[in-house]
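Visitor: Structure provided below as structure tokens; questions to follow.
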Amino acid sequence: MDFATIAGLAVAFVAVWGAMTLEGTHVTSILLPGPMLLVFVGTIGAGLAGGMLKDALHAVRQLPRAFTSKAPLQGATIPTLVALSDRARREGLLALEDETRDIDDDFLRDGLTAAIDGADPEELRALLEDRIDTKRKQDRIASGFFTSLGGYAPTIGIIGTVVSLVHVLENLTEPDSLGPLIAAAFVATLWGILSANMIWLPIGARLKRLSDLECAQMEVTLEGLLALQSGANPRMVNERLRSLVPASEIVEDAAA
């Protein structure tokens with residue numbers, strides 16, 4: 001599990017709390033139900049209006065990934081691909097049929113099965129590239145939904161502030177109450193900007209980054225399967241795949 005998102009959000013909110021404390025402001029002064037209700041419910045409503053219900057549901061299902069998913073190493077499948085290539089070169093592709101049962105990676109298993117079943121290289125490439133494209137599009141729906149919430153939230157916050165200022169103007173005859181009313185009016189803007197930049201946009205960016213890393217790993221797997229299918233030398237397969245991956249992403253076993 002990668003704790004970057006949880007740690008980052010915690011640091012951001014602690015920074016806000018620390019700034020308020022140093023300024024002598026109590027945190028309860030911004031925990032006003034009205035502005036928070038308008039900003040959060042209004043933002044989600046705008047997000048729903050800007051897309052499809054199925055897109056919003058998909059985004060909600062993907063939300064836990066932003067906090068619990070571990071970023072995949074692009075080179076994680078290289079050792080497996082090199083070992084499979086070595087066996088295929090010695091015994092033939094059909095000898096790998098029993099290997100598919102022990103592979104947890106769905107993409108690798110399905111691609112290997114297609115290669116064993118006799119798909120030609122162009123068909124195999126098209127099949128796997130289509131799967132990568134489909135995944136990227138699906139992932140873009142979830143990250144795009146949260147990014148759109150980050151775009152709506154500040155404006156919804158301003159709407160909340162305008163609504164509150166209307167109430168302030170209705171009470172100009174009571175000067176003693178103007179200070180607290182004006183302060184409360186700007187809480188909606190605060191929550192709009194805060195939620196956009198400390199919740200919605202980071203979540204959207206996190207999901208997009210996870211998708212990019214997963215698709216990059218799938219692309220490495222694709223190249224490895226094509227090399228395996230062609231009967232390439234395992235050492236060359238290893239070198240080819242390692243050249244596609246940053247040094248920090250290479251699993252050491254792949255160097256063997």
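Residue numbers start at 1 in each chain; chains themselves are named A, B, ... in the order of the structure tokens; ligands are numbered from 1 in the order shown.
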I'd like the contact shell of region 3-16 of chain A - 8 Å cut-off, only C-alpha atoms, skipping same-chain residues fewer than 5 positions apart - returned as number ranges by chain.
Guide: A: 66-68, 198-199, 202-203, 206
Visitor: Can you pull out every residue within 9 Å of Gly75 (chain A), counting only C-alpha atoms, but drop anything in the same chain fewer than 2 positions away, and send it as an MDAnalysis selection string?
Guide: chainID A and resid 72:73 77:79 217 220:221 241:242 244:246 249:251 254
Visitor: Give the helix (DSSP H, G or I) residues of region 23-239 of chain A, as assigned by DSSP on the backbone, as a short mmCIF file (atom, residue, chain, number, x, y, z; two decimals) with N, CA and C atoms, in the first residue's frame.
Guide:
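Once written, part_1.cif looks like this:
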```cif
data_model
loop_
_atom_site.label_atom_id
_atom_site.label_comp_id
_atom_site.auth_asym_id
_atom_site.auth_seq_id
_atom_site.Cartn_x
_atom_site.Cartn_y
_atom_site.Cartn_z
N VAL A 27 -10.58 26.29 14.99
CA VAL A 27 -10.98 25.50 13.82
C VAL A 27 -12.50 25.42 13.69
N THR A 28 -13.21 25.52 14.81
CA THR A 28 -14.67 25.43 14.75
C THR A 28 -15.29 26.61 14.00
N SER A 29 -14.51 27.68 13.80
CA SER A 29 -15.06 28.84 13.10
C SER A 29 -15.31 28.57 11.62
N PRO A 33 -22.13 24.22 9.17
CA PRO A 33 -22.90 23.24 8.37
C PRO A 33 -23.42 23.80 7.05
N GLY A 34 -23.92 25.02 7.08
CA GLY A 34 -24.52 25.59 5.87
C GLY A 34 -23.54 25.68 4.70
N PRO A 35 -22.42 26.40 4.86
CA PRO A 35 -21.45 26.49 3.77
C PRO A 35 -20.90 25.14 3.34
N MET A 36 -20.62 24.27 4.31
CA MET A 36 -20.08 22.95 3.96
C MET A 36 -21.10 22.13 3.17
N LEU A 37 -22.36 22.21 3.57
CA LEU A 37 -23.40 21.48 2.84
C LEU A 37 -23.50 21.98 1.41
N LEU A 38 -23.53 23.31 1.26
CA LEU A 38 -23.64 23.88 -0.08
C LEU A 38 -22.45 23.49 -0.95
N VAL A 39 -21.23 23.60 -0.41
CA VAL A 39 -20.04 23.33 -1.21
C VAL A 39 -19.94 21.86 -1.59
N PHE A 40 -20.04 20.98 -0.63
CA PHE A 40 -19.82 19.56 -0.93
C PHE A 40 -20.99 18.95 -1.72
N VAL A 41 -22.21 19.19 -1.27
CA VAL A 41 -23.36 18.62 -1.98
C VAL A 41 -23.53 19.30 -3.34
N GLY A 42 -23.34 20.63 -3.37
CA GLY A 42 -23.47 21.34 -4.64
C GLY A 42 -22.41 20.92 -5.64
N THR A 43 -21.19 20.70 -5.16
CA THR A 43 -20.10 20.27 -6.06
C THR A 43 -20.39 18.90 -6.63
N ILE A 44 -20.82 17.97 -5.79
CA ILE A 44 -21.13 16.62 -6.26
C ILE A 44 -22.31 16.67 -7.23
N GLY A 45 -23.29 17.51 -6.93
CA GLY A 45 -24.43 17.66 -7.84
C GLY A 45 -24.01 18.18 -9.20
N ALA A 46 -23.12 19.18 -9.21
CA ALA A 46 -22.63 19.72 -10.48
C ALA A 46 -21.85 18.65 -11.25
N GLY A 47 -21.07 17.85 -10.51
CA GLY A 47 -20.32 16.77 -11.15
C GLY A 47 -21.24 15.75 -11.79
N LEU A 48 -22.33 15.41 -11.08
CA LEU A 48 -23.31 14.48 -11.64
C LEU A 48 -23.96 15.06 -12.88
N ALA A 49 -24.30 16.36 -12.83
CA ALA A 49 -24.97 17.01 -13.96
C ALA A 49 -24.06 17.08 -15.18
N LEU A 53 -24.63 9.12 -14.91
CA LEU A 53 -24.72 8.48 -13.60
C LEU A 53 -23.76 7.31 -13.50
N LYS A 54 -23.62 6.53 -14.56
CA LYS A 54 -22.73 5.38 -14.54
C LYS A 54 -21.28 5.82 -14.36
N ASP A 55 -20.94 7.02 -14.89
CA ASP A 55 -19.58 7.53 -14.72
C ASP A 55 -19.32 7.86 -13.25
N ALA A 56 -20.31 8.49 -12.60
CA ALA A 56 -20.16 8.84 -11.19
C ALA A 56 -20.04 7.58 -10.32
N LEU A 57 -20.85 6.57 -10.63
CA LEU A 57 -20.80 5.33 -9.86
C LEU A 57 -19.45 4.64 -10.05
N HIS A 58 -18.95 4.66 -11.28
CA HIS A 58 -17.64 4.08 -11.56
C HIS A 58 -16.55 4.82 -10.78
N ALA A 59 -16.65 6.15 -10.73
CA ALA A 59 -15.67 6.95 -9.99
C ALA A 59 -15.70 6.63 -8.50
N VAL A 60 -16.90 6.45 -7.96
CA VAL A 60 -17.03 6.11 -6.53
C VAL A 60 -16.41 4.75 -6.25
N ARG A 61 -16.62 3.80 -7.16
CA ARG A 61 -16.02 2.46 -6.98
C ARG A 61 -14.50 2.52 -7.05
N GLN A 62 -13.97 3.45 -7.83
CA GLN A 62 -12.52 3.57 -7.98
C GLN A 62 -11.88 4.38 -6.85
N LEU A 63 -12.70 5.11 -6.07
CA LEU A 63 -12.17 5.98 -5.03
C LEU A 63 -11.22 5.28 -4.06
N PRO A 64 -11.56 4.07 -3.54
CA PRO A 64 -10.63 3.42 -2.61
C PRO A 64 -9.24 3.19 -3.18
N ARG A 65 -9.12 3.05 -4.51
CA ARG A 65 -7.81 2.83 -5.12
C ARG A 65 -6.87 4.00 -4.86
N ALA A 66 -7.42 5.20 -4.78
CA ALA A 66 -6.58 6.37 -4.56
C ALA A 66 -5.88 6.32 -3.21
N PHE A 67 -6.46 5.59 -2.26
CA PHE A 67 -5.90 5.53 -0.91
C PHE A 67 -5.22 4.21 -0.60
N THR A 68 -5.61 3.14 -1.28
CA THR A 68 -5.11 1.82 -0.89
C THR A 68 -4.23 1.13 -1.93
N ILE A 78 8.92 -8.56 -15.87
CA ILE A 78 10.08 -8.94 -16.68
C ILE A 78 10.65 -10.30 -16.29
N PRO A 79 10.87 -10.60 -15.01
CA PRO A 79 11.42 -11.92 -14.67
C PRO A 79 10.54 -13.06 -15.19
N THR A 80 9.21 -12.91 -15.06
CA THR A 80 8.30 -13.95 -15.53
C THR A 80 8.38 -14.10 -17.04
N LEU A 81 8.41 -12.97 -17.74
CA LEU A 81 8.46 -13.01 -19.20
C LEU A 81 9.77 -13.65 -19.70
N VAL A 82 10.86 -13.33 -19.04
CA VAL A 82 12.15 -13.90 -19.44
C VAL A 82 12.15 -15.41 -19.19
N ALA A 83 11.62 -15.84 -18.06
CA ALA A 83 11.55 -17.28 -17.77
C ALA A 83 10.65 -18.01 -18.77
N LEU A 84 9.51 -17.40 -19.09
CA LEU A 84 8.62 -18.00 -20.07
C LEU A 84 9.27 -18.06 -21.45
N SER A 85 9.99 -17.00 -21.80
CA SER A 85 10.68 -16.97 -23.09
C SER A 85 11.73 -18.07 -23.18
N ASP A 86 12.43 -18.27 -22.09
CA ASP A 86 13.47 -19.31 -22.07
C ASP A 86 12.86 -20.69 -22.29
N ARG A 87 11.75 -20.95 -21.60
CA ARG A 87 11.12 -22.27 -21.74
C ARG A 87 10.50 -22.44 -23.13
N ALA A 88 9.88 -21.36 -23.65
CA ALA A 88 9.27 -21.44 -24.97
C ALA A 88 10.32 -21.70 -26.04
N ARG A 89 11.49 -21.12 -25.87
CA ARG A 89 12.57 -21.31 -26.85
C ARG A 89 13.07 -22.75 -26.83
N ARG A 90 13.09 -23.36 -25.63
CA ARG A 90 13.60 -24.73 -25.51
C ARG A 90 12.54 -25.79 -25.85
N GLU A 91 11.27 -25.51 -25.44
CA GLU A 91 10.25 -26.56 -25.54
C GLU A 91 9.09 -26.23 -26.47
N LEU A 93 5.99 -23.09 -27.71
CA LEU A 93 4.93 -22.33 -27.05
C LEU A 93 3.91 -23.23 -26.34
N LEU A 94 3.60 -24.36 -26.93
CA LEU A 94 2.59 -25.23 -26.33
C LEU A 94 2.99 -25.73 -24.95
N ALA A 95 4.30 -25.76 -24.69
CA ALA A 95 4.78 -26.22 -23.38
C ALA A 95 4.40 -25.25 -22.27
N LEU A 96 4.00 -24.04 -22.65
CA LEU A 96 3.66 -23.02 -21.64
C LEU A 96 2.20 -23.08 -21.20
N GLU A 97 1.45 -24.00 -21.78
CA GLU A 97 0.02 -24.04 -21.48
C GLU A 97 -0.24 -24.26 -20.00
N ASP A 98 0.57 -25.10 -19.36
CA ASP A 98 0.36 -25.34 -17.93
C ASP A 98 0.78 -24.15 -17.07
N GLU A 99 1.59 -23.25 -17.64
CA GLU A 99 2.04 -22.09 -16.88
C GLU A 99 0.92 -21.07 -16.67
N THR A 100 -0.05 -21.05 -17.56
CA THR A 100 -1.10 -20.02 -17.48
C THR A 100 -1.91 -20.14 -16.20
N ARG A 101 -2.01 -21.34 -15.65
CA ARG A 101 -2.80 -21.52 -14.43
C ARG A 101 -2.17 -20.87 -13.22
N ASP A 102 -0.87 -20.64 -13.27
CA ASP A 102 -0.17 -20.09 -12.11
C ASP A 102 0.10 -18.59 -12.22
N ASP A 106 -3.95 -10.96 -14.98
CA ASP A 106 -4.94 -11.30 -16.01
C ASP A 106 -4.45 -10.93 -17.41
N PHE A 107 -3.83 -9.77 -17.53
CA PHE A 107 -3.37 -9.31 -18.84
C PHE A 107 -2.30 -10.24 -19.40
N LEU A 108 -1.33 -10.59 -18.56
CA LEU A 108 -0.27 -11.50 -18.98
C LEU A 108 -0.83 -12.88 -19.30
N ARG A 109 -1.71 -13.38 -18.46
CA ARG A 109 -2.28 -14.71 -18.68
C ARG A 109 -3.09 -14.77 -19.97
N ASP A 110 -3.93 -13.77 -20.21
CA ASP A 110 -4.76 -13.76 -21.41
C ASP A 110 -3.91 -13.60 -22.67
N GLY A 111 -2.88 -12.75 -22.58
CA GLY A 111 -2.01 -12.57 -23.74
C GLY A 111 -1.23 -13.82 -24.05
N LEU A 112 -0.74 -14.50 -23.00
CA LEU A 112 0.00 -15.74 -23.21
C LEU A 112 -0.90 -16.82 -23.78
N THR A 113 -2.13 -16.87 -23.30
CA THR A 113 -3.09 -17.85 -23.82
C THR A 113 -3.36 -17.62 -25.30
N ALA A 114 -3.51 -16.35 -25.68
CA ALA A 114 -3.76 -16.02 -27.09
C ALA A 114 -2.57 -16.43 -27.95
N ALA A 115 -1.36 -16.20 -27.44
CA ALA A 115 -0.16 -16.59 -28.19
C ALA A 115 -0.09 -18.10 -28.35
N ILE A 116 -0.40 -18.83 -27.29
CA ILE A 116 -0.38 -20.30 -27.36
C ILE A 116 -1.43 -20.81 -28.33
N PRO A 121 1.28 -12.42 -34.76
CA PRO A 121 1.80 -11.25 -34.03
C PRO A 121 0.95 -9.99 -34.16
N GLU A 122 0.43 -9.71 -35.36
CA GLU A 122 -0.37 -8.51 -35.55
C GLU A 122 -1.68 -8.60 -34.80
N GLU A 123 -2.29 -9.77 -34.82
CA GLU A 123 -3.54 -9.97 -34.08
C GLU A 123 -3.31 -9.84 -32.58
N LEU A 124 -2.21 -10.42 -32.11
CA LEU A 124 -1.90 -10.36 -30.69
C LEU A 124 -1.64 -8.92 -30.26
N ARG A 125 -0.87 -8.18 -31.05
CA ARG A 125 -0.60 -6.78 -30.71
C ARG A 125 -1.90 -5.98 -30.67
N ALA A 126 -2.75 -6.16 -31.70
CA ALA A 126 -4.01 -5.41 -31.76
C ALA A 126 -4.89 -5.74 -30.56
N LEU A 127 -4.95 -7.03 -30.21
CA LEU A 127 -5.78 -7.47 -29.08
C LEU A 127 -5.31 -6.82 -27.78
N LEU A 128 -4.02 -6.87 -27.52
CA LEU A 128 -3.49 -6.35 -26.26
C LEU A 128 -3.52 -4.82 -26.22
N GLU A 129 -3.24 -4.18 -27.36
CA GLU A 129 -3.30 -2.72 -27.40
C GLU A 129 -4.73 -2.23 -27.17
N ASP A 130 -5.70 -2.96 -27.70
CA ASP A 130 -7.10 -2.59 -27.48
C ASP A 130 -7.46 -2.69 -26.00
N ARG A 131 -6.94 -3.71 -25.32
CA ARG A 131 -7.21 -3.85 -23.88
C ARG A 131 -6.58 -2.72 -23.09
N ILE A 132 -5.39 -2.33 -23.48
CA ILE A 132 -4.73 -1.21 -22.80
C ILE A 132 -5.52 0.08 -23.02
N ASP A 133 -5.95 0.31 -24.26
CA ASP A 133 -6.71 1.52 -24.57
C ASP A 133 -8.03 1.55 -23.81
N THR A 134 -8.68 0.40 -23.73
CA THR A 134 -9.96 0.33 -23.01
C THR A 134 -9.76 0.63 -21.53
N LYS A 135 -8.72 0.08 -20.94
CA LYS A 135 -8.43 0.36 -19.54
C LYS A 135 -8.14 1.84 -19.32
N ARG A 136 -7.33 2.41 -20.22
CA ARG A 136 -6.97 3.82 -20.08
C ARG A 136 -8.22 4.71 -20.15
N LYS A 137 -9.15 4.38 -21.04
CA LYS A 137 -10.38 5.16 -21.17
C LYS A 137 -11.24 5.03 -19.92
N GLN A 138 -11.34 3.80 -19.40
CA GLN A 138 -12.13 3.59 -18.18
C GLN A 138 -11.54 4.34 -17.00
N ASP A 139 -10.24 4.27 -16.87
CA ASP A 139 -9.58 4.96 -15.76
C ASP A 139 -9.72 6.48 -15.90
N ARG A 140 -9.72 6.96 -17.14
CA ARG A 140 -9.85 8.40 -17.37
C ARG A 140 -11.21 8.91 -16.90
N ILE A 141 -12.23 8.06 -16.95
CA ILE A 141 -13.56 8.46 -16.49
C ILE A 141 -13.52 8.79 -14.99
N ALA A 142 -12.88 7.91 -14.21
CA ALA A 142 -12.83 8.12 -12.77
C ALA A 142 -11.98 9.33 -12.41
N SER A 143 -10.78 9.42 -12.96
CA SER A 143 -9.92 10.56 -12.64
C SER A 143 -10.54 11.86 -13.14
N GLY A 144 -11.19 11.81 -14.31
CA GLY A 144 -11.82 13.01 -14.86
C GLY A 144 -12.98 13.49 -14.00
N PHE A 145 -13.72 12.56 -13.40
CA PHE A 145 -14.84 12.96 -12.55
C PHE A 145 -14.35 13.76 -11.35
N PHE A 146 -13.32 13.25 -10.68
CA PHE A 146 -12.81 13.97 -9.50
C PHE A 146 -12.12 15.28 -9.90
N THR A 147 -11.47 15.28 -11.04
CA THR A 147 -10.86 16.52 -11.52
C THR A 147 -11.93 17.56 -11.82
N SER A 148 -13.06 17.12 -12.37
CA SER A 148 -14.16 18.06 -12.65
C SER A 148 -14.73 18.62 -11.36
N LEU A 149 -14.80 17.80 -10.30
CA LEU A 149 -15.26 18.31 -9.01
C LEU A 149 -14.32 19.40 -8.51
N GLY A 150 -13.03 19.21 -8.76
CA GLY A 150 -12.06 20.23 -8.38
C GLY A 150 -12.25 21.53 -9.14
N GLY A 151 -12.82 21.44 -10.33
CA GLY A 151 -13.10 22.65 -11.09
C GLY A 151 -14.37 23.35 -10.63
N TYR A 152 -15.37 22.57 -10.23
CA TYR A 152 -16.63 23.16 -9.80
C TYR A 152 -16.57 23.76 -8.40
N ALA A 153 -15.82 23.13 -7.49
CA ALA A 153 -15.88 23.48 -6.07
C ALA A 153 -15.60 24.96 -5.78
N PRO A 154 -14.54 25.57 -6.33
CA PRO A 154 -14.31 26.99 -6.01
C PRO A 154 -15.47 27.89 -6.42
N THR A 155 -16.07 27.62 -7.57
CA THR A 155 -17.19 28.45 -8.03
C THR A 155 -18.41 28.24 -7.15
N ILE A 156 -18.66 27.00 -6.75
CA ILE A 156 -19.76 26.73 -5.82
C ILE A 156 -19.52 27.47 -4.51
N GLY A 157 -18.25 27.52 -4.08
CA GLY A 157 -17.92 28.26 -2.86
C GLY A 157 -18.23 29.74 -2.99
N ILE A 158 -17.95 30.31 -4.15
CA ILE A 158 -18.26 31.72 -4.38
C ILE A 158 -19.76 31.95 -4.36
N ILE A 159 -20.52 31.02 -4.93
CA ILE A 159 -21.98 31.12 -4.88
C ILE A 159 -22.44 31.16 -3.42
N GLY A 160 -21.84 30.28 -2.60
CA GLY A 160 -22.21 30.26 -1.19
C GLY A 160 -21.89 31.58 -0.50
N THR A 161 -20.76 32.17 -0.86
CA THR A 161 -20.39 33.45 -0.27
C THR A 161 -21.36 34.55 -0.68
N VAL A 162 -21.76 34.56 -1.94
CA VAL A 162 -22.73 35.57 -2.42
C VAL A 162 -24.06 35.41 -1.70
N VAL A 163 -24.50 34.16 -1.55
CA VAL A 163 -25.75 33.91 -0.83
C VAL A 163 -25.66 34.45 0.60
N SER A 164 -24.54 34.21 1.25
CA SER A 164 -24.37 34.68 2.63
C SER A 164 -24.27 36.20 2.69
N LEU A 165 -23.63 36.81 1.69
CA LEU A 165 -23.50 38.28 1.69
C LEU A 165 -24.86 38.95 1.50
N VAL A 166 -25.77 38.29 0.79
CA VAL A 166 -27.13 38.81 0.68
C VAL A 166 -27.74 38.91 2.07
N HIS A 167 -27.51 37.89 2.88
CA HIS A 167 -28.01 37.91 4.26
C HIS A 167 -27.33 39.01 5.07
N VAL A 168 -26.04 39.24 4.80
CA VAL A 168 -25.32 40.31 5.50
C VAL A 168 -25.95 41.66 5.18
N LEU A 169 -26.24 41.88 3.91
CA LEU A 169 -26.82 43.17 3.50
C LEU A 169 -28.20 43.40 4.10
N PRO A 175 -25.08 46.83 13.15
CA PRO A 175 -23.62 46.86 12.95
C PRO A 175 -22.86 45.85 13.80
N ASP A 176 -23.34 45.56 14.98
CA ASP A 176 -22.61 44.65 15.87
C ASP A 176 -22.54 43.22 15.32
N SER A 177 -23.47 42.86 14.46
CA SER A 177 -23.51 41.49 13.94
C SER A 177 -22.82 41.36 12.58
N LEU A 178 -22.40 42.49 11.99
CA LEU A 178 -21.85 42.44 10.64
C LEU A 178 -20.54 41.66 10.57
N GLY A 179 -19.66 41.86 11.57
CA GLY A 179 -18.36 41.18 11.55
C GLY A 179 -18.49 39.67 11.48
N PRO A 180 -19.21 39.05 12.42
CA PRO A 180 -19.37 37.59 12.37
C PRO A 180 -20.08 37.12 11.10
N LEU A 181 -21.06 37.91 10.63
CA LEU A 181 -21.79 37.50 9.43
C LEU A 181 -20.90 37.52 8.19
N ILE A 182 -20.07 38.55 8.08
CA ILE A 182 -19.17 38.63 6.93
C ILE A 182 -18.13 37.51 6.98
N ALA A 183 -17.61 37.25 8.19
CA ALA A 183 -16.63 36.16 8.33
C ALA A 183 -17.25 34.84 7.93
N ALA A 184 -18.48 34.60 8.37
CA ALA A 184 -19.15 33.35 8.02
C ALA A 184 -19.41 33.26 6.52
N ALA A 185 -19.65 34.42 5.89
CA ALA A 185 -19.95 34.43 4.46
C ALA A 185 -18.78 33.88 3.64
N VAL A 187 -16.63 31.65 4.55
CA VAL A 187 -16.31 30.25 4.84
C VAL A 187 -16.63 29.37 3.64
N ALA A 188 -17.69 29.68 2.91
CA ALA A 188 -18.04 28.88 1.73
C ALA A 188 -16.94 28.94 0.68
N THR A 189 -16.39 30.14 0.45
CA THR A 189 -15.28 30.26 -0.51
C THR A 189 -14.07 29.46 -0.03
N LEU A 190 -13.81 29.54 1.27
CA LEU A 190 -12.70 28.78 1.84
C LEU A 190 -12.87 27.29 1.57
N TRP A 191 -14.06 26.76 1.85
CA TRP A 191 -14.28 25.33 1.66
C TRP A 191 -14.25 24.95 0.17
N GLY A 192 -14.71 25.85 -0.67
CA GLY A 192 -14.66 25.56 -2.10
C GLY A 192 -13.24 25.41 -2.60
N ILE A 193 -12.38 26.37 -2.23
CA ILE A 193 -10.98 26.32 -2.67
C ILE A 193 -10.24 25.18 -1.99
N LEU A 194 -10.51 25.01 -0.68
CA LEU A 194 -9.82 23.97 0.08
C LEU A 194 -10.18 22.58 -0.44
N SER A 195 -11.48 22.32 -0.65
CA SER A 195 -11.88 20.98 -1.11
C SER A 195 -11.35 20.69 -2.51
N ALA A 196 -11.30 21.72 -3.36
CA ALA A 196 -10.80 21.51 -4.71
C ALA A 196 -9.33 21.12 -4.71
N ASN A 197 -8.52 21.87 -3.95
CA ASN A 197 -7.07 21.70 -4.02
C ASN A 197 -6.51 20.72 -3.01
N MET A 198 -7.31 20.31 -2.03
CA MET A 198 -6.82 19.37 -1.03
C MET A 198 -7.57 18.05 -1.01
N ILE A 199 -8.62 17.94 -1.83
CA ILE A 199 -9.36 16.68 -1.88
C ILE A 199 -9.55 16.22 -3.33
N TRP A 200 -10.37 16.97 -4.09
CA TRP A 200 -10.78 16.49 -5.41
C TRP A 200 -9.63 16.41 -6.41
N LEU A 201 -8.87 17.48 -6.57
CA LEU A 201 -7.79 17.46 -7.56
C LEU A 201 -6.70 16.45 -7.22
N PRO A 202 -6.27 16.34 -5.94
CA PRO A 202 -5.28 15.30 -5.62
C PRO A 202 -5.78 13.88 -5.89
N ILE A 203 -7.05 13.62 -5.60
CA ILE A 203 -7.59 12.28 -5.86
C ILE A 203 -7.61 12.00 -7.37
N GLY A 204 -8.05 12.99 -8.15
CA GLY A 204 -8.05 12.82 -9.60
C GLY A 204 -6.66 12.58 -10.15
N ALA A 205 -5.69 13.36 -9.64
CA ALA A 205 -4.30 13.20 -10.10
C ALA A 205 -3.74 11.84 -9.70
N ARG A 206 -4.08 11.38 -8.51
CA ARG A 206 -3.60 10.08 -8.03
C ARG A 206 -4.13 8.94 -8.90
N LEU A 207 -5.42 8.97 -9.20
CA LEU A 207 -6.01 7.92 -10.03
C LEU A 207 -5.40 7.93 -11.43
N LYS A 208 -5.15 9.10 -11.97
CA LYS A 208 -4.53 9.19 -13.29
C LYS A 208 -3.11 8.63 -13.27
N ARG A 209 -2.37 8.94 -12.22
CA ARG A 209 -1.00 8.44 -12.11
C ARG A 209 -0.98 6.92 -11.98
N LEU A 210 -1.88 6.37 -11.17
CA LEU A 210 -1.96 4.92 -11.04
C LEU A 210 -2.28 4.27 -12.39
N SER A 211 -3.20 4.87 -13.12
CA SER A 211 -3.56 4.34 -14.43
C SER A 211 -2.37 4.37 -15.38
N ASP A 212 -1.62 5.47 -15.37
CA ASP A 212 -0.45 5.58 -16.25
C ASP A 212 0.57 4.49 -15.94
N LEU A 213 0.81 4.24 -14.65
CA LEU A 213 1.79 3.23 -14.26
C LEU A 213 1.31 1.82 -14.64
N GLU A 214 0.03 1.55 -14.42
CA GLU A 214 -0.51 0.23 -14.76
C GLU A 214 -0.48 -0.01 -16.27
N CYS A 215 -0.82 1.03 -17.04
CA CYS A 215 -0.78 0.88 -18.50
C CYS A 215 0.65 0.73 -19.01
N ALA A 216 1.59 1.42 -18.35
CA ALA A 216 3.00 1.27 -18.74
C ALA A 216 3.48 -0.15 -18.48
N GLN A 217 3.05 -0.74 -17.36
CA GLN A 217 3.41 -2.12 -17.08
C GLN A 217 2.81 -3.07 -18.12
N MET A 218 1.58 -2.80 -18.51
CA MET A 218 0.93 -3.63 -19.53
C MET A 218 1.64 -3.52 -20.87
N GLU A 219 2.14 -2.33 -21.19
CA GLU A 219 2.86 -2.15 -22.46
C GLU A 219 4.18 -2.93 -22.47
N VAL A 220 4.85 -2.98 -21.32
CA VAL A 220 6.06 -3.79 -21.21
C VAL A 220 5.71 -5.27 -21.39
N THR A 221 4.62 -5.68 -20.76
CA THR A 221 4.18 -7.06 -20.89
C THR A 221 3.85 -7.40 -22.34
N LEU A 222 3.21 -6.47 -23.03
CA LEU A 222 2.87 -6.67 -24.44
C LEU A 222 4.13 -6.94 -25.28
N GLU A 223 5.14 -6.10 -25.09
CA GLU A 223 6.37 -6.27 -25.86
C GLU A 223 7.05 -7.59 -25.52
N GLY A 224 6.99 -7.98 -24.24
CA GLY A 224 7.57 -9.24 -23.83
C GLY A 224 6.87 -10.43 -24.45
N LEU A 225 5.54 -10.38 -24.53
CA LEU A 225 4.78 -11.48 -25.13
C LEU A 225 5.06 -11.61 -26.63
N LEU A 226 5.20 -10.47 -27.31
CA LEU A 226 5.50 -10.52 -28.73
C LEU A 226 6.89 -11.09 -28.98
N ALA A 227 7.84 -10.71 -28.11
CA ALA A 227 9.19 -11.26 -28.25
C ALA A 227 9.20 -12.76 -27.96
N LEU A 228 8.46 -13.14 -26.94
CA LEU A 228 8.34 -14.57 -26.58
C LEU A 228 7.74 -15.35 -27.74
N GLN A 229 6.68 -14.80 -28.33
CA GLN A 229 6.00 -15.49 -29.43
C GLN A 229 6.91 -15.67 -30.64
N SER A 230 7.79 -14.70 -30.85
CA SER A 230 8.68 -14.76 -32.01
C SER A 230 9.86 -15.70 -31.81
N PRO A 234 16.16 -15.37 -24.92
CA PRO A 234 15.76 -14.83 -23.61
C PRO A 234 16.63 -13.68 -23.14
N ARG A 235 17.94 -13.75 -23.40
CA ARG A 235 18.82 -12.66 -22.99
C ARG A 235 18.46 -11.36 -23.71
N MET A 236 18.11 -11.48 -24.99
CA MET A 236 17.71 -10.31 -25.75
C MET A 236 16.35 -9.79 -25.28
N VAL A 237 15.47 -10.72 -24.92
CA VAL A 237 14.17 -10.32 -24.37
C VAL A 237 14.38 -9.51 -23.10
N ASN A 238 15.27 -10.00 -22.26
CA ASN A 238 15.58 -9.32 -21.00
C ASN A 238 16.10 -7.91 -21.27
N GLU A 239 17.07 -7.81 -22.17
CA GLU A 239 17.66 -6.50 -22.47
C GLU A 239 16.65 -5.56 -23.10
#
```
